[in-house]
Amino acid sequence: MKKQKSIILKMDEPLPISNPFDLLTEEIILAILDSLNDDAFAKKSFSLVCKSFYFIESRHRKTLRPLSTDLVLRTLKRYRFVSELDLSLCPRVDDAALTQIASSRSSLRSINLSRSRLFTHNGLSSLVANCAGLVEIDLSNRAELTDTAAAAIAEAKNLERLSLARCKMITDMGIGCVAVGCKKLRFINLKWCLRVSDLGVGLIAMKCKQIRAMDLSYVPITEKCLPPILELEHLEDLVLEGCPGIDDAGLATLKHSSKSLKTLNMSNCQNVSHVGLSSLTYGAEYLQHLFLAYSLSVTSDLAKCLHNISGLQSIKLDGCSVTTSGMKAIGNWLASLKELGLSKCLGVTDECLSFLVQTHKELRKLDITCCRKITYASIDSITNSCTSLTALRMESCSLVSKDAFVLIGQRCRFLEELDVTDNEIDNEGLKSISRCSKLLTLKLGICSNITNDGLTHVANGCSKLKELDLYRSSGITDEGITAIAHGCPALEMINIAYNDKITDTSLISLSKCMLLKAIEIRGCHSVSSVGLSAIVMECRQLMVLDIKKCTNINDNGMIPVAQFSKNLKQINLSYCSVTDVGLLALASIKRLQCMTILHLSGLTPNGLAAALLACRGLTKVKLHTSFKPLLPQSLFEYMEARGCVLHWRDKAFRV
């Protein structure tokens, strides 16, 4: 029997290292984790490398978003240094849960309860009492919360950000409590708080002098609360969208505007004209962003009242009626606009748009969606004057000829977003646009003149493309999609819905785009479970899947979806050939929140009930009304208690 040789280490020889990662200091590992903050999947993989990484990652994490209520306390035990807790995916957080969270996380600084429905003022009191360092609370969508809850929040003396959007039961009394107790507030959102009036809003403005931003959208206020708001010396962002109580007569009584204001939103204020706007913006020398969508008419008088605001960078006039004199007056402003929104504006013509862009040559973003009177001349002026454009939206500009799209690629090389949905663009236009190497988003839906040749040009020139929309672009086949898959590896979203020439070949090609997060293939009848399986096996980050009317996709496709798409949040299975078995398989996807399951011929009431019970993370399900009388009332009550909303649809079956 041979003797084993003993290994003798000399004094100057280094000890063998079983784990090379042990050489890394904690500071280096923390620096690596900092660089992974935007990639949750990478951080999870990182923590599984070894025990030391697992431990350090748990100490490094400061923000947490549990997938369900059942996981909250368990994850908090692992991540002991979390200071920001997002419970927007946890609808069943009750008083007991809030009390446990508060007792285990006294260092908590931010909490989002915008989708939680079971807690009351008692839970909030416990939270505020134990977490003295709270600076941010989001209670949006809690329509049942009353002034008692607002009084509990008022005890959070260090609170800086508070959202009460759609808390429709809270009144001026509750808001008054917040005003007195939370004097460090910098941001407050009272959108759709229908029982709050001038009194409550005025108290906030008078007591909370550090306010930077206020959202008062659709709150029944008048001009009476505006004087104390405009006196806030740090106010930068004011949203008054949809406030019909504010009108010209009231605004005329204002003695001054806010000198610190940077952003003003007066969209959907139907009772305000240029007269009232002039009163509100007079002296607002730092105003940079103005939103006036679906409100007043764009006339020369409106343009004159904003003429001297030299710092204005963006203005949104979407849905407004536009006059040529008004547009030309905007062209003569002292300000040099960076962003202009004219979506669905009636009255935009070649003459006025061409004049405007010739003077605002520094435009970076332009939206002319549904401006149906403009032609080649407008695109010629835009591309000739605004060569630094990064975003151009021009959906349904039906009079623009195909030659105009060639100009876009020739002159606007810095484009990152281009929407030419429902236009006359052809392959020559796409060939030119392929020169825009920085392009990230390209929307080509309902563009019947483009074919595979055009897509091949895009694939060769736009390698950074992340989003591609080819909805109902009937000239596209597998060849074009294959070219995109090879040339655009960074693709995250693609829509190829209702293109009947698309087959499994396209999906197999797209499976190489491993960053894909959303794919819509509804109405692609030649796609089957084979292609779907190829996608889900390779694209593990998939979050949105729409396979409506893909009748060749059945349970054989659902099994791999359940096995590999663990990050899936939303799925549409309507009109597919999926049965109880396939639907029940999806229960293993813990992140699944939204399902649409209309007209599944193989689905039974028992199978549907079993799937609803098993998919515990669901928050919204769309169902056909024919199932409603076939399911027990206790199931509806259970789903509601769990925080899932069932939307019933009475849509007739369509072949």
# chains A, B, ... in the order shown; residues from 1 in each chain; ligands from 1
call {"tool": "residues_around", "arguments": {"residues": "Lys255 of chain A", "least_positions_apart": "3", "cutoff": "12 Å", "atoms": "only C-alpha atoms", "output": "PyMOL selection string"}}
result
chain A and resi 223+226-228+230-231+250-252+258+278-283
call {"tool": "residues_around", "arguments": {"residues": "Leu108 of chain A", "least_positions_apart": "4", "cutoff": "12 Å", "atoms": "only C-alpha atoms", "output": "PyMOL selection string"}}
result
chain A and resi 62-64+76+80-86+98+101-104+112+127-137+158-159
call {"tool": "select_by_dssp", "arguments": {"residues": "segment 147-271 of chain A", "states": "strand (DSSP E)", "output": "PyMOL selection string"}}
result
chain A and resi 161-163+187-189+213-215+237-239+263-265
call {"tool": "write_last_selection", "arguments": {"atoms": "N, CA and C atoms", "output": "PDB file, in the first residue's frame"}}
result
ATOM      1  N   ARG A 161     -43.033  64.350   3.691  1.00  0.00           N
ATOM      2  CA  ARG A 161     -43.818  64.033   2.499  1.00  0.00           C
ATOM      3  C   ARG A 161     -45.050  63.223   2.908  1.00  0.00           C
ATOM      4  N   LEU A 162     -46.235  63.684   2.475  1.00  0.00           N
ATOM      5  CA  LEU A 162     -47.493  63.014   2.822  1.00  0.00           C
ATOM      6  C   LEU A 162     -48.410  62.977   1.604  1.00  0.00           C
ATOM      7  N   SER A 163     -48.865  61.764   1.251  1.00  0.00           N
ATOM      8  CA  SER A 163     -49.819  61.619   0.148  1.00  0.00           C
ATOM      9  C   SER A 163     -51.128  61.061   0.681  1.00  0.00           C
ATOM     10  N   PHE A 187     -43.883  68.303   1.052  1.00  0.00           N
ATOM     11  CA  PHE A 187     -44.725  67.868  -0.072  1.00  0.00           C
ATOM     12  C   PHE A 187     -46.019  67.300   0.482  1.00  0.00           C
ATOM     13  N   ILE A 188     -47.156  67.713  -0.108  1.00  0.00           N
ATOM     14  CA  ILE A 188     -48.445  67.135   0.279  1.00  0.00           C
ATOM     15  C   ILE A 188     -49.304  66.937  -0.965  1.00  0.00           C
ATOM     16  N   ASN A 189     -49.922  65.761  -1.037  1.00  0.00           N
ATOM     17  CA  ASN A 189     -50.789  65.408  -2.167  1.00  0.00           C
ATOM     18  C   ASN A 189     -52.197  65.197  -1.637  1.00  0.00           C
ATOM     19  N   ALA A 213     -43.942  71.522  -2.562  1.00  0.00           N
ATOM     20  CA  ALA A 213     -44.835  71.050  -3.621  1.00  0.00           C
ATOM     21  C   ALA A 213     -46.198  70.713  -3.053  1.00  0.00           C
ATOM     22  N   MET A 214     -47.269  71.111  -3.788  1.00  0.00           N
ATOM     23  CA  MET A 214     -48.647  70.816  -3.403  1.00  0.00           C
ATOM     24  C   MET A 214     -49.416  70.320  -4.617  1.00  0.00           C
ATOM     25  N   ASP A 215     -50.091  69.181  -4.452  1.00  0.00           N
ATOM     26  CA  ASP A 215     -50.968  68.673  -5.508  1.00  0.00           C
ATOM     27  C   ASP A 215     -52.402  68.783  -5.010  1.00  0.00           C
ATOM     28  N   ASP A 237     -43.553  73.709  -6.841  1.00  0.00           N
ATOM     29  CA  ASP A 237     -44.426  72.902  -7.687  1.00  0.00           C
ATOM     30  C   ASP A 237     -45.863  72.991  -7.180  1.00  0.00           C
ATOM     31  N   LEU A 238     -46.765  73.525  -8.013  1.00  0.00           N
ATOM     32  CA  LEU A 238     -48.167  73.688  -7.628  1.00  0.00           C
ATOM     33  C   LEU A 238     -49.061  73.084  -8.706  1.00  0.00           C
ATOM     34  N   VAL A 239     -49.910  72.111  -8.308  1.00  0.00           N
ATOM     35  CA  VAL A 239     -50.823  71.456  -9.236  1.00  0.00           C
ATOM     36  C   VAL A 239     -52.256  71.830  -8.878  1.00  0.00           C
ATOM     37  N   THR A 263     -42.916  75.116 -11.339  1.00  0.00           N
ATOM     38  CA  THR A 263     -43.836  74.302 -12.127  1.00  0.00           C
ATOM     39  C   THR A 263     -45.274  74.617 -11.732  1.00  0.00           C
ATOM     40  N   LEU A 264     -46.111  74.913 -12.717  1.00  0.00           N
ATOM     41  CA  LEU A 264     -47.526  75.214 -12.480  1.00  0.00           C
ATOM     42  C   LEU A 264     -48.378  74.378 -13.426  1.00  0.00           C
ATOM     43  N   ASN A 265     -49.344  73.649 -12.850  1.00  0.00           N
ATOM     44  CA  ASN A 265     -50.243  72.821 -13.656  1.00  0.00           C
ATOM     45  C   ASN A 265     -51.667  73.327 -13.497  1.00  0.00           C
TER      46      ASN A 265
END
call {"tool": "residues_around", "arguments": {"residues": "segment 400-403 of chain A", "least_positions_apart": "5", "cutoff": "8 Å", "atoms": "only C-alpha atoms", "output": "JSON, numbers by chain"}}
result
{"A": [374, 375, 376, 379, 423, 424, 425, 426, 429]}
call {"tool": "atom_distance", "arguments": {"atom1": "atom CA of Lys373 of chain A", "atom2": "atom CA of Ser321 of chain A"}}
result
13.4 Å
call {"tool": "select_by_dssp", "arguments": {"residues": "segment 227-388 of chain A", "states": "alpha helix (DSSP H)", "output": "compact mmCIF listing (two decimals) with C-alpha atoms, in the first residue's frame"}}
result
# COMPACT_ATOMS: atom_id res chain seq x y z
CA PRO A 227 -52.92 83.92 -1.16
CA PRO A 228 -51.29 81.94 1.70
CA ILE A 229 -50.08 79.33 -0.82
CA LEU A 230 -48.43 81.94 -3.02
CA ASP A 248 -60.81 84.58 -13.66
CA ALA A 249 -62.79 86.72 -11.24
CA GLY A 250 -61.20 85.07 -8.24
CA LEU A 251 -57.68 85.11 -9.66
CA HIS A 274 -55.56 84.22 -20.19
CA VAL A 275 -56.85 86.91 -17.82
CA GLY A 276 -56.77 84.65 -14.77
CA LEU A 277 -53.52 83.00 -15.84
CA SER A 278 -51.89 86.42 -16.14
CA SER A 279 -52.84 87.21 -12.54
CA LEU A 280 -51.50 83.89 -11.30
CA THR A 281 -48.16 84.04 -13.13
CA SER A 300 -52.23 86.00 -28.92
CA ASP A 301 -53.54 87.33 -25.58
CA LEU A 302 -52.48 84.14 -23.82
CA ALA A 303 -49.05 84.27 -25.42
CA LYS A 304 -48.59 87.92 -24.43
CA CYS A 305 -49.27 87.26 -20.76
CA THR A 324 -52.31 81.06 -35.82
CA SER A 325 -51.80 84.41 -34.08
CA GLY A 326 -51.38 82.66 -30.74
CA MET A 327 -48.77 80.25 -32.08
CA LYS A 328 -46.84 83.04 -33.76
CA ALA A 329 -46.89 85.04 -30.53
CA ILE A 330 -45.38 82.04 -28.72
CA GLY A 331 -42.68 82.10 -31.35
CA ASP A 350 -47.92 74.37 -41.34
CA GLU A 351 -47.75 78.15 -41.21
CA CYS A 352 -47.91 78.59 -37.45
CA LEU A 353 -45.85 75.50 -36.54
CA SER A 354 -43.08 76.39 -38.99
CA PHE A 355 -42.85 79.92 -37.60
CA LEU A 356 -42.72 78.66 -34.03
CA VAL A 357 -39.92 76.11 -34.50
CA GLN A 358 -37.77 78.59 -36.39
CA THR A 359 -37.50 80.71 -33.26
CA TYR A 376 -44.39 67.79 -45.34
CA ALA A 377 -43.73 71.51 -44.87
CA SER A 378 -44.00 71.28 -41.08
CA ILE A 379 -41.61 68.31 -40.83
CA ASP A 380 -39.19 70.14 -43.12
CA SER A 381 -39.19 73.17 -40.80
CA ILE A 382 -38.99 71.09 -37.61
CA THR A 383 -36.05 68.97 -38.75
CA ASN A 384 -34.25 71.93 -40.28
CA SER A 385 -34.55 74.15 -37.19
call {"tool": "atom_distance", "arguments": {"atom1": "atom CA of His624 of chain A", "atom2": "atom CA of Asp650 of chain A"}}
result
5.8 Å
call {"tool": "residues_around", "arguments": {"residues": "Thr579 of chain A", "least_positions_apart": "2", "cutoff": "10 Å", "atoms": "only C-alpha atoms", "output": "list in words"}}
result
Asn554, Asp555, Met558, Cys576, Ser577, Val581, Gly582, Leu583, Leu584, Leu600, Ser601, Gly602, Leu603, Thr604, Gly607 and Leu608 of chain A
call {"tool": "decode", "arguments": {"residues": "segment 254-376 of chain A", "atoms": "C-alpha atoms", "output": "PDB file, in the first residue's frame"}}
result
ATOM      1  CA  LEU A 254     -54.613  88.087  -6.176  1.00  0.00           C
ATOM      2  CA  LYS A 255     -52.061  90.725  -5.278  1.00  0.00           C
ATOM      3  CA  HIS A 256     -48.992  88.760  -6.306  1.00  0.00           C
ATOM      4  CA  SER A 257     -47.765  85.372  -7.504  1.00  0.00           C
ATOM      5  CA  SER A 258     -45.123  83.059  -6.084  1.00  0.00           C
ATOM      6  CA  LYS A 259     -41.638  84.204  -6.921  1.00  0.00           C
ATOM      7  CA  SER A 260     -40.147  80.773  -6.201  1.00  0.00           C
ATOM      8  CA  LEU A 261     -42.622  78.787  -8.353  1.00  0.00           C
ATOM      9  CA  LYS A 262     -40.979  76.581 -11.008  1.00  0.00           C
ATOM     10  CA  THR A 263     -43.836  74.302 -12.127  1.00  0.00           C
ATOM     11  CA  LEU A 264     -47.526  75.214 -12.480  1.00  0.00           C
ATOM     12  CA  ASN A 265     -50.243  72.821 -13.656  1.00  0.00           C
ATOM     13  CA  MET A 266     -53.584  74.406 -14.626  1.00  0.00           C
ATOM     14  CA  SER A 267     -54.788  71.606 -16.908  1.00  0.00           C
ATOM     15  CA  ASN A 268     -58.551  71.049 -17.140  1.00  0.00           C
ATOM     16  CA  CYS A 269     -59.316  74.380 -15.449  1.00  0.00           C
ATOM     17  CA  GLN A 270     -62.258  75.259 -17.671  1.00  0.00           C
ATOM     18  CA  ASN A 271     -63.092  78.553 -15.953  1.00  0.00           C
ATOM     19  CA  VAL A 272     -59.679  80.159 -16.356  1.00  0.00           C
ATOM     20  CA  SER A 273     -58.674  82.210 -19.403  1.00  0.00           C
ATOM     21  CA  HIS A 274     -55.561  84.218 -20.189  1.00  0.00           C
ATOM     22  CA  VAL A 275     -56.855  86.908 -17.816  1.00  0.00           C
ATOM     23  CA  GLY A 276     -56.766  84.652 -14.768  1.00  0.00           C
ATOM     24  CA  LEU A 277     -53.517  83.003 -15.839  1.00  0.00           C
ATOM     25  CA  SER A 278     -51.891  86.416 -16.145  1.00  0.00           C
ATOM     26  CA  SER A 279     -52.838  87.210 -12.544  1.00  0.00           C
ATOM     27  CA  LEU A 280     -51.497  83.891 -11.300  1.00  0.00           C
ATOM     28  CA  THR A 281     -48.159  84.044 -13.131  1.00  0.00           C
ATOM     29  CA  TYR A 282     -47.426  87.770 -12.776  1.00  0.00           C
ATOM     30  CA  GLY A 283     -44.021  88.054 -11.152  1.00  0.00           C
ATOM     31  CA  ALA A 284     -43.296  84.291 -11.358  1.00  0.00           C
ATOM     32  CA  GLU A 285     -39.851  84.975 -12.744  1.00  0.00           C
ATOM     33  CA  TYR A 286     -38.507  81.483 -12.035  1.00  0.00           C
ATOM     34  CA  LEU A 287     -41.337  79.573 -13.733  1.00  0.00           C
ATOM     35  CA  GLN A 288     -39.911  76.791 -15.925  1.00  0.00           C
ATOM     36  CA  HIS A 289     -42.731  74.310 -16.619  1.00  0.00           C
ATOM     37  CA  LEU A 290     -46.354  75.169 -17.438  1.00  0.00           C
ATOM     38  CA  PHE A 291     -49.195  72.675 -18.011  1.00  0.00           C
ATOM     39  CA  LEU A 292     -52.369  74.048 -19.623  1.00  0.00           C
ATOM     40  CA  ALA A 293     -53.748  70.909 -21.302  1.00  0.00           C
ATOM     41  CA  TYR A 294     -57.462  70.765 -22.119  1.00  0.00           C
ATOM     42  CA  SER A 295     -58.173  74.196 -20.724  1.00  0.00           C
ATOM     43  CA  LEU A 296     -57.953  77.609 -22.338  1.00  0.00           C
ATOM     44  CA  SER A 297     -57.605  78.689 -25.987  1.00  0.00           C
ATOM     45  CA  VAL A 298     -54.144  79.493 -27.279  1.00  0.00           C
ATOM     46  CA  THR A 299     -54.558  83.046 -28.511  1.00  0.00           C
ATOM     47  CA  SER A 300     -52.233  86.000 -28.917  1.00  0.00           C
ATOM     48  CA  ASP A 301     -53.541  87.328 -25.580  1.00  0.00           C
ATOM     49  CA  LEU A 302     -52.483  84.137 -23.822  1.00  0.00           C
ATOM     50  CA  ALA A 303     -49.048  84.274 -25.422  1.00  0.00           C
ATOM     51  CA  LYS A 304     -48.588  87.923 -24.431  1.00  0.00           C
ATOM     52  CA  CYS A 305     -49.268  87.263 -20.757  1.00  0.00           C
ATOM     53  CA  LEU A 306     -46.405  84.728 -20.733  1.00  0.00           C
ATOM     54  CA  HIS A 307     -44.079  86.683 -23.015  1.00  0.00           C
ATOM     55  CA  ASN A 308     -41.722  87.979 -20.349  1.00  0.00           C
ATOM     56  CA  ILE A 309     -41.141  84.724 -18.428  1.00  0.00           C
ATOM     57  CA  SER A 310     -37.637  84.259 -19.791  1.00  0.00           C
ATOM     58  CA  GLY A 311     -36.885  81.043 -17.881  1.00  0.00           C
ATOM     59  CA  LEU A 312     -39.830  79.050 -19.270  1.00  0.00           C
ATOM     60  CA  GLN A 313     -38.528  75.736 -20.636  1.00  0.00           C
ATOM     61  CA  SER A 314     -41.604  73.640 -21.333  1.00  0.00           C
ATOM     62  CA  ILE A 315     -45.303  74.179 -21.960  1.00  0.00           C
ATOM     63  CA  LYS A 316     -48.007  71.540 -22.502  1.00  0.00           C
ATOM     64  CA  LEU A 317     -51.018  72.726 -24.529  1.00  0.00           C
ATOM     65  CA  ASP A 318     -52.428  69.280 -25.352  1.00  0.00           C
ATOM     66  CA  GLY A 319     -56.077  69.322 -26.367  1.00  0.00           C
ATOM     67  CA  CYS A 320     -56.320  73.115 -26.508  1.00  0.00           C
ATOM     68  CA  SER A 321     -57.799  75.116 -29.352  1.00  0.00           C
ATOM     69  CA  VAL A 322     -54.978  76.907 -31.158  1.00  0.00           C
ATOM     70  CA  THR A 323     -54.968  80.044 -33.312  1.00  0.00           C
ATOM     71  CA  THR A 324     -52.308  81.057 -35.815  1.00  0.00           C
ATOM     72  CA  SER A 325     -51.803  84.412 -34.083  1.00  0.00           C
ATOM     73  CA  GLY A 326     -51.381  82.659 -30.736  1.00  0.00           C
ATOM     74  CA  MET A 327     -48.769  80.247 -32.082  1.00  0.00           C
ATOM     75  CA  LYS A 328     -46.841  83.036 -33.759  1.00  0.00           C
ATOM     76  CA  ALA A 329     -46.885  85.037 -30.529  1.00  0.00           C
ATOM     77  CA  ILE A 330     -45.375  82.036 -28.722  1.00  0.00           C
ATOM     78  CA  GLY A 331     -42.682  82.097 -31.355  1.00  0.00           C
ATOM     79  CA  ASN A 332     -41.766  85.618 -30.241  1.00  0.00           C
ATOM     80  CA  TRP A 333     -41.316  84.762 -26.545  1.00  0.00           C
ATOM     81  CA  LEU A 334     -38.161  85.761 -24.720  1.00  0.00           C
ATOM     82  CA  ALA A 335     -37.854  82.188 -23.462  1.00  0.00           C
ATOM     83  CA  SER A 336     -36.210  79.460 -25.494  1.00  0.00           C
ATOM     84  CA  LEU A 337     -38.445  76.400 -25.112  1.00  0.00           C
ATOM     85  CA  LYS A 338     -36.954  72.942 -24.612  1.00  0.00           C
ATOM     86  CA  GLU A 339     -40.272  71.036 -24.623  1.00  0.00           C
ATOM     87  CA  LEU A 340     -43.592  71.724 -26.365  1.00  0.00           C
ATOM     88  CA  GLY A 341     -46.785  69.662 -26.239  1.00  0.00           C
ATOM     89  CA  LEU A 342     -49.405  70.234 -28.953  1.00  0.00           C
ATOM     90  CA  SER A 343     -51.047  66.793 -28.918  1.00  0.00           C
ATOM     91  CA  LYS A 344     -54.622  66.838 -30.267  1.00  0.00           C
ATOM     92  CA  CYS A 345     -54.593  70.620 -30.637  1.00  0.00           C
ATOM     93  CA  LEU A 346     -57.170  71.850 -33.130  1.00  0.00           C
ATOM     94  CA  GLY A 347     -55.873  74.605 -35.370  1.00  0.00           C
ATOM     95  CA  VAL A 348     -52.185  73.673 -35.713  1.00  0.00           C
ATOM     96  CA  THR A 349     -51.131  74.395 -39.312  1.00  0.00           C
ATOM     97  CA  ASP A 350     -47.923  74.374 -41.342  1.00  0.00           C
ATOM     98  CA  GLU A 351     -47.749  78.153 -41.213  1.00  0.00           C
ATOM     99  CA  CYS A 352     -47.910  78.588 -37.453  1.00  0.00           C
ATOM    100  CA  LEU A 353     -45.849  75.504 -36.537  1.00  0.00           C
ATOM    101  CA  SER A 354     -43.083  76.391 -38.994  1.00  0.00           C
ATOM    102  CA  PHE A 355     -42.854  79.917 -37.602  1.00  0.00           C
ATOM    103  CA  LEU A 356     -42.725  78.664 -34.031  1.00  0.00           C
ATOM    104  CA  VAL A 357     -39.915  76.109 -34.495  1.00  0.00           C
ATOM    105  CA  GLN A 358     -37.772  78.594 -36.395  1.00  0.00           C
ATOM    106  CA  THR A 359     -37.500  80.710 -33.255  1.00  0.00           C
ATOM    107  CA  HIS A 360     -37.405  77.899 -30.665  1.00  0.00           C
ATOM    108  CA  LYS A 361     -34.478  76.040 -32.167  1.00  0.00           C
ATOM    109  CA  GLU A 362     -33.391  74.551 -28.837  1.00  0.00           C
ATOM    110  CA  LEU A 363     -36.429  72.269 -28.646  1.00  0.00           C
ATOM    111  CA  ARG A 364     -35.569  68.803 -27.317  1.00  0.00           C
ATOM    112  CA  LYS A 365     -39.076  67.284 -27.080  1.00  0.00           C
ATOM    113  CA  LEU A 366     -41.993  67.972 -29.423  1.00  0.00           C
ATOM    114  CA  ASP A 367     -45.436  66.326 -29.372  1.00  0.00           C
ATOM    115  CA  ILE A 368     -47.660  66.963 -32.405  1.00  0.00           C
ATOM    116  CA  THR A 369     -49.810  63.828 -32.073  1.00  0.00           C
ATOM    117  CA  CYS A 370     -53.050  64.017 -34.081  1.00  0.00           C
ATOM    118  CA  CYS A 371     -52.228  67.411 -35.596  1.00  0.00           C
ATOM    119  CA  ARG A 372     -54.039  66.379 -38.751  1.00  0.00           C
ATOM    120  CA  LYS A 373     -53.558  69.585 -40.769  1.00  0.00           C
ATOM    121  CA  ILE A 374     -49.772  69.600 -40.946  1.00  0.00           C
ATOM    122  CA  THR A 375     -47.910  68.316 -44.000  1.00  0.00           C
ATOM    123  CA  TYR A 376     -44.386  67.788 -45.337  1.00  0.00           C
TER     124      TYR A 376
END
